[in-house]
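Structure data (compact mmCIF, C-alpha atoms and all ligand atoms) from work.txt:
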# COMPACT_ATOMS: atom_id res chain seq x y z
CA MET A 1 2.33 34.14 -9.13
CA HIS A 2 0.38 32.63 -6.32
CA GLU A 3 0.39 29.25 -8.02
CA SER A 4 4.15 29.20 -8.47
CA ALA A 5 4.73 30.07 -4.78
CA ASP A 6 2.50 27.14 -3.90
CA GLU A 7 4.45 24.91 -6.24
CA HIS A 8 7.71 25.84 -4.54
CA THR A 9 6.28 25.13 -1.11
CA MET A 10 5.01 21.78 -2.35
CA GLU A 11 8.40 20.93 -3.84
CA ARG A 12 10.13 21.75 -0.54
CA ILE A 13 7.67 19.60 1.37
CA LEU A 14 8.15 16.68 -1.02
CA ASN A 15 11.96 16.96 -0.92
CA LYS A 16 11.91 16.90 2.87
CA ASN A 17 9.52 13.96 2.71
CA ASP A 18 11.89 12.04 0.42
CA GLU A 19 14.78 12.57 2.87
CA LEU A 20 12.72 11.18 5.72
CA ALA A 21 11.55 8.29 3.54
CA GLU A 22 15.21 7.32 3.05
CA HIS A 23 15.63 7.39 6.81
CA ASN A 24 12.61 5.07 7.18
CA ARG A 25 14.11 2.80 4.53
CA ASP A 26 17.17 2.37 6.79
CA HIS A 27 14.91 1.35 9.66
CA PHE A 28 13.17 -1.23 7.49
CA ARG A 29 16.55 -2.47 6.26
CA GLU A 30 17.77 -2.96 9.82
CA ALA A 31 14.74 -5.13 10.55
CA MET A 32 15.00 -6.75 7.08
CA THR A 33 11.30 -6.08 6.67
CA CYS A 34 9.75 -5.97 3.22
CA THR A 35 7.35 -3.02 3.37
CA VAL A 36 4.24 -2.66 1.22
CA ASN A 37 2.24 0.57 0.99
CA LEU A 38 -1.46 -0.08 0.22
CA MET A 39 -3.31 2.80 -1.39
CA SER A 40 -6.82 3.25 -2.79
CA ALA A 41 -9.95 5.36 -2.73
CA PRO A 42 -11.98 5.09 0.51
CA GLY A 43 -13.65 1.73 0.80
CA ALA A 44 -11.91 -0.06 -2.09
CA GLY A 45 -11.16 -2.94 0.26
CA LYS A 46 -7.69 -2.42 1.77
CA THR A 47 -8.57 -3.62 5.26
CA SER A 48 -10.68 -6.48 3.86
CA LEU A 49 -7.77 -7.62 1.70
CA LEU A 50 -5.49 -7.63 4.75
CA GLU A 51 -8.05 -9.55 6.82
CA ALA A 52 -8.43 -12.14 4.06
CA THR A 53 -4.65 -12.34 3.65
CA PHE A 54 -4.11 -13.10 7.33
CA ARG A 55 -6.98 -15.59 7.35
CA MET A 56 -5.73 -17.43 4.29
CA ALA A 57 -1.96 -17.01 4.35
CA GLY A 58 -1.55 -17.40 8.10
CA ARG A 59 1.57 -19.50 8.04
CA LYS A 60 3.11 -18.53 4.70
CA PHE A 61 4.67 -15.33 6.07
CA SER A 62 4.55 -13.24 9.23
CA SER A 63 3.06 -9.74 9.10
CA THR A 64 2.76 -6.45 10.94
CA VAL A 65 0.43 -3.61 9.98
CA ILE A 66 0.62 0.15 10.22
CA GLU A 67 -2.89 1.58 9.97
CA GLY A 68 -3.22 5.14 8.71
CA ASP A 69 -6.56 6.78 9.33
CA MET A 70 -7.67 10.34 9.92
CA VAL A 71 -9.55 9.45 13.12
CA GLY A 72 -10.45 6.38 15.13
CA GLU A 73 -9.11 2.85 15.25
CA LEU A 74 -11.86 0.96 13.44
CA ASP A 75 -9.51 -0.63 10.92
CA ALA A 76 -6.80 -1.28 13.53
CA ASP A 77 -9.41 -3.11 15.64
CA ARG A 78 -10.39 -5.25 12.64
CA ILE A 79 -6.73 -6.21 12.08
CA ARG A 80 -6.17 -6.91 15.79
CA LYS A 81 -8.98 -9.48 15.63
CA THR A 82 -6.93 -11.49 13.13
CA GLY A 83 -4.11 -11.76 15.69
CA VAL A 84 -1.67 -9.65 13.66
CA SER A 85 0.00 -6.78 15.50
CA VAL A 86 -0.97 -3.32 14.42
CA HIS A 87 0.38 0.20 14.97
CA GLN A 88 -1.93 3.16 14.55
CA ILE A 89 -1.13 6.49 12.94
CA SER A 90 -3.90 9.07 13.28
CA THR A 91 -3.32 11.71 10.63
CA GLY A 92 -5.84 14.24 11.96
CA ARG A 93 -6.58 16.69 9.16
CA SER A 94 -4.12 15.15 6.73
CA CYS A 95 -5.59 13.03 3.92
CA HIS A 96 -2.49 10.85 3.52
CA LEU A 97 0.41 9.36 5.45
CA ASP A 98 3.78 11.04 5.09
CA ALA A 99 7.31 9.87 5.85
CA ASN A 100 7.51 12.01 8.99
CA MET A 101 4.46 10.32 10.56
CA VAL A 102 5.99 6.91 9.85
CA ALA A 103 9.39 8.04 11.21
CA ARG A 104 7.77 9.24 14.45
CA LEU A 105 6.06 5.89 14.85
CA LEU A 106 9.27 3.96 14.16
CA HIS A 107 11.02 6.00 16.87
CA SER A 108 8.29 5.69 19.48
CA GLU A 109 7.00 2.13 19.12
CA LYS A 110 8.96 -1.08 18.92
CA MET A 111 8.20 -2.77 15.63
CA GLU A 112 8.06 -6.56 15.42
CA LYS A 113 10.53 -8.20 13.06
CA THR A 114 8.26 -9.83 10.52
CA ASP A 115 8.60 -10.93 6.90
CA VAL A 116 6.35 -8.14 5.72
CA LEU A 117 5.04 -4.83 7.01
CA PHE A 118 1.83 -3.63 5.39
CA ILE A 119 1.10 0.08 5.59
CA GLU A 120 -2.58 0.82 4.97
CA ASN A 121 -2.67 4.41 3.76
CA VAL A 122 -5.58 6.80 4.28
CA GLY A 123 -8.37 6.13 1.76
CA ASN A 124 -7.63 8.65 -1.00
CA LEU A 125 -6.72 8.23 -4.66
CA VAL A 126 -4.83 11.51 -4.95
CA CYS A 127 -2.65 12.65 -2.03
CA PRO A 128 -0.92 9.40 -0.91
CA ALA A 129 0.60 9.08 -4.41
CA GLU A 130 3.13 11.85 -3.86
CA PHE A 131 4.33 10.85 -0.41
CA ASN A 132 7.00 8.21 -0.38
CA LEU A 133 7.14 6.44 3.01
CA GLY A 134 10.34 4.44 2.47
CA GLU A 135 8.39 1.38 1.40
CA PHE A 136 9.74 -1.37 -0.88
CA LYS A 137 6.61 -1.73 -3.00
CA ARG A 138 3.51 0.32 -3.70
CA VAL A 139 0.17 -1.33 -4.36
CA VAL A 140 -2.98 0.40 -5.61
CA LEU A 141 -6.38 -1.21 -5.15
CA LEU A 142 -9.10 -0.38 -7.66
CA SER A 143 -12.49 -1.86 -6.81
CA VAL A 144 -14.76 -2.81 -9.68
CA THR A 145 -17.50 -0.57 -8.26
CA GLU A 146 -15.39 2.56 -8.90
CA GLY A 147 -15.33 2.50 -12.71
CA ASP A 148 -12.70 1.46 -15.25
CA ASP A 149 -11.92 5.12 -16.10
CA LYS A 150 -10.26 5.89 -12.75
CA PRO A 151 -6.68 5.33 -13.97
CA ILE A 152 -7.26 8.08 -16.57
CA LYS A 153 -8.72 10.48 -14.00
CA TYR A 154 -6.18 9.80 -11.23
CA PRO A 155 -3.00 8.99 -13.17
CA VAL A 156 -0.35 9.88 -10.58
CA ILE A 157 -1.16 7.08 -8.17
CA PHE A 158 -1.37 4.51 -11.00
CA ARG A 159 1.93 5.71 -12.48
CA ASN A 160 3.83 5.42 -9.21
CA CYS A 161 2.95 1.88 -8.22
CA ASP A 162 4.25 -1.65 -8.70
CA LEU A 163 0.97 -3.56 -8.62
CA VAL A 164 -2.70 -2.79 -9.25
CA VAL A 165 -5.19 -5.11 -7.58
CA PHE A 166 -8.74 -5.14 -8.93
CA THR A 167 -10.84 -5.79 -5.86
CA LYS A 168 -14.44 -6.94 -5.22
CA CYS A 169 -14.34 -9.08 -8.37
CA ASP A 170 -17.30 -11.07 -7.03
CA LEU A 171 -19.35 -8.00 -8.02
CA LEU A 172 -18.18 -7.93 -11.66
CA GLU A 173 -21.43 -9.37 -12.98
CA TYR A 174 -23.46 -6.57 -11.35
CA VAL A 175 -21.42 -3.54 -12.43
CA GLU A 176 -20.34 -1.92 -15.67
CA PHE A 177 -16.64 -2.47 -15.15
CA ASN A 178 -14.67 -3.57 -18.19
CA LEU A 179 -11.49 -5.30 -16.98
CA GLY A 180 -9.89 -5.08 -20.45
CA GLU A 181 -10.56 -1.35 -20.57
CA ALA A 182 -9.18 -0.83 -17.06
CA GLU A 183 -6.04 -2.82 -17.98
CA LYS A 184 -5.60 -0.75 -21.13
CA ASN A 185 -5.96 2.52 -19.20
CA ILE A 186 -3.39 1.41 -16.64
CA GLN A 187 -0.90 0.09 -19.22
CA ALA A 188 -1.03 3.42 -21.03
CA ILE A 189 0.23 5.15 -17.89
CA ASN A 190 2.46 2.46 -16.40
CA PRO A 191 3.42 -0.21 -18.95
CA ASP A 192 5.45 -2.36 -16.53
CA VAL A 193 2.89 -2.62 -13.78
CA VAL A 194 1.51 -6.01 -12.74
CA THR A 195 -2.26 -6.36 -12.34
CA MET A 196 -4.38 -9.02 -10.68
CA GLN A 197 -7.99 -9.66 -9.72
CA VAL A 198 -9.18 -10.62 -6.26
CA SER A 199 -12.25 -10.96 -4.11
CA SER A 200 -11.62 -10.83 -0.39
CA LYS A 201 -15.17 -12.05 0.06
CA THR A 202 -14.93 -15.29 -1.96
CA GLY A 203 -11.15 -15.78 -1.84
CA TYR A 204 -10.90 -15.55 -5.62
CA GLY A 205 -7.36 -14.62 -6.69
CA MET A 206 -6.01 -14.68 -3.15
CA ASP A 207 -3.41 -17.33 -3.98
CA LYS A 208 -1.96 -15.09 -6.68
CA TRP A 209 -1.87 -12.15 -4.25
CA THR A 210 -0.16 -14.09 -1.47
CA SER A 211 2.34 -15.52 -4.00
CA TRP A 212 3.12 -11.97 -5.13
CA ILE A 213 3.77 -10.98 -1.50
CA GLN A 214 6.02 -14.00 -1.01
CA SER A 215 7.98 -13.14 -4.14
CA GLN A 216 8.43 -9.57 -2.88
CA ILE A 217 9.72 -10.81 0.48
CA GLU A 218 12.25 -12.90 -1.44
CA ALA A 219 13.13 -10.04 -3.82
CA TYR A 220 13.67 -7.69 -0.89
CA ARG A 221 16.02 -10.14 0.83
CA GLN A 222 18.01 -10.62 -2.37
CA GLU A 223 18.27 -6.88 -2.85
CA GLN A 224 19.50 -6.36 0.70
CA LYS A 225 22.09 -9.11 0.34
CA GLN A 226 23.41 -7.53 -2.83
CA THR A 227 23.48 -4.06 -1.31
CA LYS A 228 25.45 -5.42 1.65
CA HIS A 229 27.83 -7.18 -0.71
CA VAL A 230 28.48 -4.03 -2.73
CA HIS A 231 28.86 -2.06 0.49
CA GLN A 232 31.42 -4.50 1.93
CA HIS A 233 33.45 -4.46 -1.27
CA SER A 234 33.48 -0.70 -1.47
CA HIS A 235 35.27 -0.49 1.91
N1 LIG B 1 -18.60 -7.77 -2.26
C1 LIG B 1 -17.42 -7.44 -1.75
N2 LIG B 1 -17.34 -6.46 -0.84
C2 LIG B 1 -16.12 -6.15 -0.34
C3 LIG B 1 -14.93 -6.82 -0.75
N3 LIG B 1 -13.90 -6.27 -0.09
C4 LIG B 1 -14.40 -5.31 0.71
N4 LIG B 1 -15.75 -5.24 0.56
C5 LIG B 1 -16.65 -4.34 1.26
O1 LIG B 1 -16.30 -2.99 0.95
C6 LIG B 1 -16.45 -2.15 2.09
C7 LIG B 1 -15.16 -1.40 2.37
O2 LIG B 1 -14.13 -2.33 2.69
P1 LIG B 1 -12.86 -1.96 3.52
O3 LIG B 1 -11.99 -3.16 3.56
O4 LIG B 1 -13.25 -1.34 4.82
O5 LIG B 1 -12.21 -0.86 2.59
P2 LIG B 1 -10.96 0.10 2.90
O6 LIG B 1 -10.28 0.37 1.60
O7 LIG B 1 -10.12 -0.47 3.97
O8 LIG B 1 -11.70 1.43 3.42
P3 LIG B 1 -11.01 2.74 4.07
O9 LIG B 1 -9.93 2.29 4.99
O10 LIG B 1 -12.13 3.43 4.76
O11 LIG B 1 -10.47 3.53 2.90
C8 LIG B 1 -16.89 -3.06 3.24
O12 LIG B 1 -18.28 -2.98 3.36
C9 LIG B 1 -16.45 -4.43 2.76
O13 LIG B 1 -17.24 -5.46 3.30
C10 LIG B 1 -15.07 -7.88 -1.71
O14 LIG B 1 -14.11 -8.53 -2.13
N5 LIG B 1 -16.34 -8.13 -2.18
MG MG B 2 -9.46 0.42 5.70

Write-out of the structure in structure tokens:
Amino acid sequence: MHESADEHTMERILNKNDELAEHNRDHFREAMTCTVNLMSAPGAGKTSLLEATFRMAGRKFSSTVIEGDMVGELDADRIRKTGVSVHQISTGRSCHLDANMVARLLHSEKMEKTDVLFIENVGNLVCPAEFNLGEFKRVVLLSVTEGDDKPIKYPVIFRNCDLVVFTKCDLLEYVEFNLGEAEKNIQAINPDVVTMQVSSKTGYGMDKWTSWIQSQIEAYRQEQKQTKHVHQHSH
């Protein structure tokens, strides 16, 4: 009885969240900004991947970052040092970003018009999975120090994503992480997902990652053009 009441509350919250996510999507569409939601367990290397991206892909595309953290601006400060503009969302007691927090930010701060907007979610492999933010693509980072069984134990986040990035691959020789096994576990849950390996520390795989971002920027533009076309013809 108690459980089903909780389920209803959760469903209502998620429905409301989805409505607001659609509203955010309109904002992103207006700015023509391809938006990428980065999710992972704490410390899997989200901020490091962004730092490396801005260091290495400086001129390939322009970026803005939304940093989601429970408290403090440590990650935002790290991003600021790269010269990329960053907007902070402090979630307080919440262990994930939700569409309402992003909507409030979009209404209160002027966002730069850039090719891509990265949203670094709060480090958590469970809660962010259920909260759509209005993003174009969802990326999950799985560091090789976490174990290749994590997709089996935390399936929701791996099911609802477009790309899985294996991070800290410079450490592969020191840890018991079987890439083939991890791939297999992910494919079983999400057969269409793309995977890639990177090391923000050595730069390994960064070209593949930045190419993926560039292809998403292009795909987003194409999609918007087509949507506009359909829209015009339906009037
Ligand atoms: N060896 C190695 N260490 C890395 C790599 N990427 C990140 N790290 C280290 O992992 C730790 C966590 O990295 P962050 O980039 O802060 O991870 P995060 O996912 O942003 O962490 P939260 O925002 O707290 O969830 C830091 O000590 C990084 O130096 C990598 O490619 N190789
Ligand atoms: Mg971080």

Inset, instruction - Step by step, measure atom-to-atom distances between ligand MG 2 (chain B) and each residue using all atoms listed in the file, keep those at most 6 Å, then write them as an MDAnalysis selection string. - result: chainID A and resid 46:47 75

Inset, instruction - Might you pull out every residue within 9 Å of stretch 19-30 of chain A, with all atoms listed in the file counted and same-chain residues fewer than 3 positions away left off, and present them as an MDAnalysis selection string? - result: chainID A and resid 14:16 33:35 98:100 102:103 106 117 131:136 224

Legend entry - 10 Å shell around ligand LIG 1 (chain B) using all atoms listed in the file, listed as JSON, numbers by chain: {"A": [38, 39, 40, 41, 42, 43, 44, 45, 46, 47, 48, 49, 50, 51, 52, 67, 68, 69, 70, 74, 75, 76, 78, 120, 121, 122, 123, 124, 125, 141, 142, 143, 144, 145, 166, 167, 168, 169, 170, 171, 172, 197, 198, 199, 200, 201, 202, 203, 204]}

Would you output that residue set with C-alpha atoms, as a compact mmCIF listing (two decimals), in the frame of the given file?
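Output file out.txt follows:
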# COMPACT_ATOMS: atom_id res chain seq x y z
CA LEU A 38 -1.46 -0.08 0.22
CA MET A 39 -3.31 2.80 -1.39
CA SER A 40 -6.82 3.25 -2.79
CA ALA A 41 -9.95 5.36 -2.73
CA PRO A 42 -11.98 5.09 0.51
CA GLY A 43 -13.65 1.73 0.80
CA ALA A 44 -11.91 -0.06 -2.09
CA GLY A 45 -11.16 -2.94 0.26
CA LYS A 46 -7.69 -2.42 1.77
CA THR A 47 -8.57 -3.62 5.26
CA SER A 48 -10.68 -6.48 3.86
CA LEU A 49 -7.77 -7.62 1.70
CA LEU A 50 -5.49 -7.63 4.75
CA GLU A 51 -8.05 -9.55 6.82
CA ALA A 52 -8.43 -12.14 4.06
CA GLU A 67 -2.89 1.58 9.97
CA GLY A 68 -3.22 5.14 8.71
CA ASP A 69 -6.56 6.78 9.33
CA MET A 70 -7.67 10.34 9.92
CA LEU A 74 -11.86 0.96 13.44
CA ASP A 75 -9.51 -0.63 10.92
CA ALA A 76 -6.80 -1.28 13.53
CA ARG A 78 -10.39 -5.25 12.64
CA GLU A 120 -2.58 0.82 4.97
CA ASN A 121 -2.67 4.41 3.76
CA VAL A 122 -5.58 6.80 4.28
CA GLY A 123 -8.37 6.13 1.76
CA ASN A 124 -7.63 8.65 -1.00
CA LEU A 125 -6.72 8.23 -4.66
CA LEU A 141 -6.38 -1.21 -5.15
CA LEU A 142 -9.10 -0.38 -7.66
CA SER A 143 -12.49 -1.86 -6.81
CA VAL A 144 -14.76 -2.81 -9.68
CA THR A 145 -17.50 -0.57 -8.26
CA PHE A 166 -8.74 -5.14 -8.93
CA THR A 167 -10.84 -5.79 -5.86
CA LYS A 168 -14.44 -6.94 -5.22
CA CYS A 169 -14.34 -9.08 -8.37
CA ASP A 170 -17.30 -11.07 -7.03
CA LEU A 171 -19.35 -8.00 -8.02
CA LEU A 172 -18.18 -7.93 -11.66
CA GLN A 197 -7.99 -9.66 -9.72
CA VAL A 198 -9.18 -10.62 -6.26
CA SER A 199 -12.25 -10.96 -4.11
CA SER A 200 -11.62 -10.83 -0.39
CA LYS A 201 -15.17 -12.05 0.06
CA THR A 202 -14.93 -15.29 -1.96
CA GLY A 203 -11.15 -15.78 -1.84
CA TYR A 204 -10.90 -15.55 -5.62

Inset, instruction - Would you please work out which residue, of A:Ser85, A:Ile186, A:Met56, A:His107, is nearest to A:Pro151 when using only C-alpha atoms? - result: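 Counting only C-alpha atoms, the residue closest to A:Pro151 is A:Ile186.
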
Inset, instruction - For atom CA of A:Met10 and atom CA of A:Phe158, quote the distance in Å rounded to one decimal. - result: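 So the answer is 20.3 Å.
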
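Atom pair atom CA of A:Val193 / atom CA of A:Thr64: separated by 25.0 Å.
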
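Ranking A:Met206, A:Ala31, A:Val116, A:Cys95 by their shortest atom-to-atom distance to A:Ser63, with all atoms listed in the file included, puts A:Val116 first.
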
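Proximity ranking of A:Gly72, A:Gly83, A:Pro128, A:Gly92 relative to A:Asn37 places A:Pro128 first, based on all atoms listed in the file.
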
Would you mind listing what lies within 6 Å of A:Leu163 as a PDB file with C-alpha atoms, keeping the file's coordinate frame, with only C-alpha atoms counted and same-chain residues fewer than 6 positions away left out?
ATOM      1  CA  VAL A 139       0.170  -1.330  -4.360  1.00  0.00           C
ATOM      2  CA  VAL A 193       2.890  -2.620 -13.780  1.00  0.00           C
ATOM      3  CA  VAL A 194       1.510  -6.010 -12.740  1.00  0.00           C
ATOM      4  CA  THR A 195      -2.260  -6.360 -12.340  1.00  0.00           C
TER       5      THR A 195
END

Inset, instruction - Grab the atom CA of A:Ser215 to atom CA of A:Gln88 distance for me, in Å with one decimal place. - result: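 Spanning atom CA of A:Ser215 to atom CA of A:Gln88 is a straight-line distance of 26.7 Å.
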
Inset, instruction - Considering only C-alpha atoms, return as a list in words whatever protein or nucleic-acid residues lie within 8 Å of A:Ile157, sequence-local ones (same chain, fewer than 3 positions apart) excluded. - result: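 That gives Leu125, Val126, Pro128, Ala129, Glu130, Val140, Tyr154, Asn160 and Cys161 of chain A.
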
Padding of 6 Å on every side, edges along x, y and z, all listed atoms of stretch 90-105 of chain A included: what centre and edge lengths in Å, to one decimal, does that box have, as lines of an AutoDock Vina configuration file?
center_x = 1.4
center_y = 11.3
center_z = 9.2
size_x = 28.0
size_y = 22.8
size_z = 23.3

Legend entry - Pick from A:Asp115, A:Cys127, A:Leu97, A:Asn17 nearest to A:Tyr220, counting all atoms listed in the file: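 Ranked by minimum distance to A:Tyr220, first place goes to A:Asp115.
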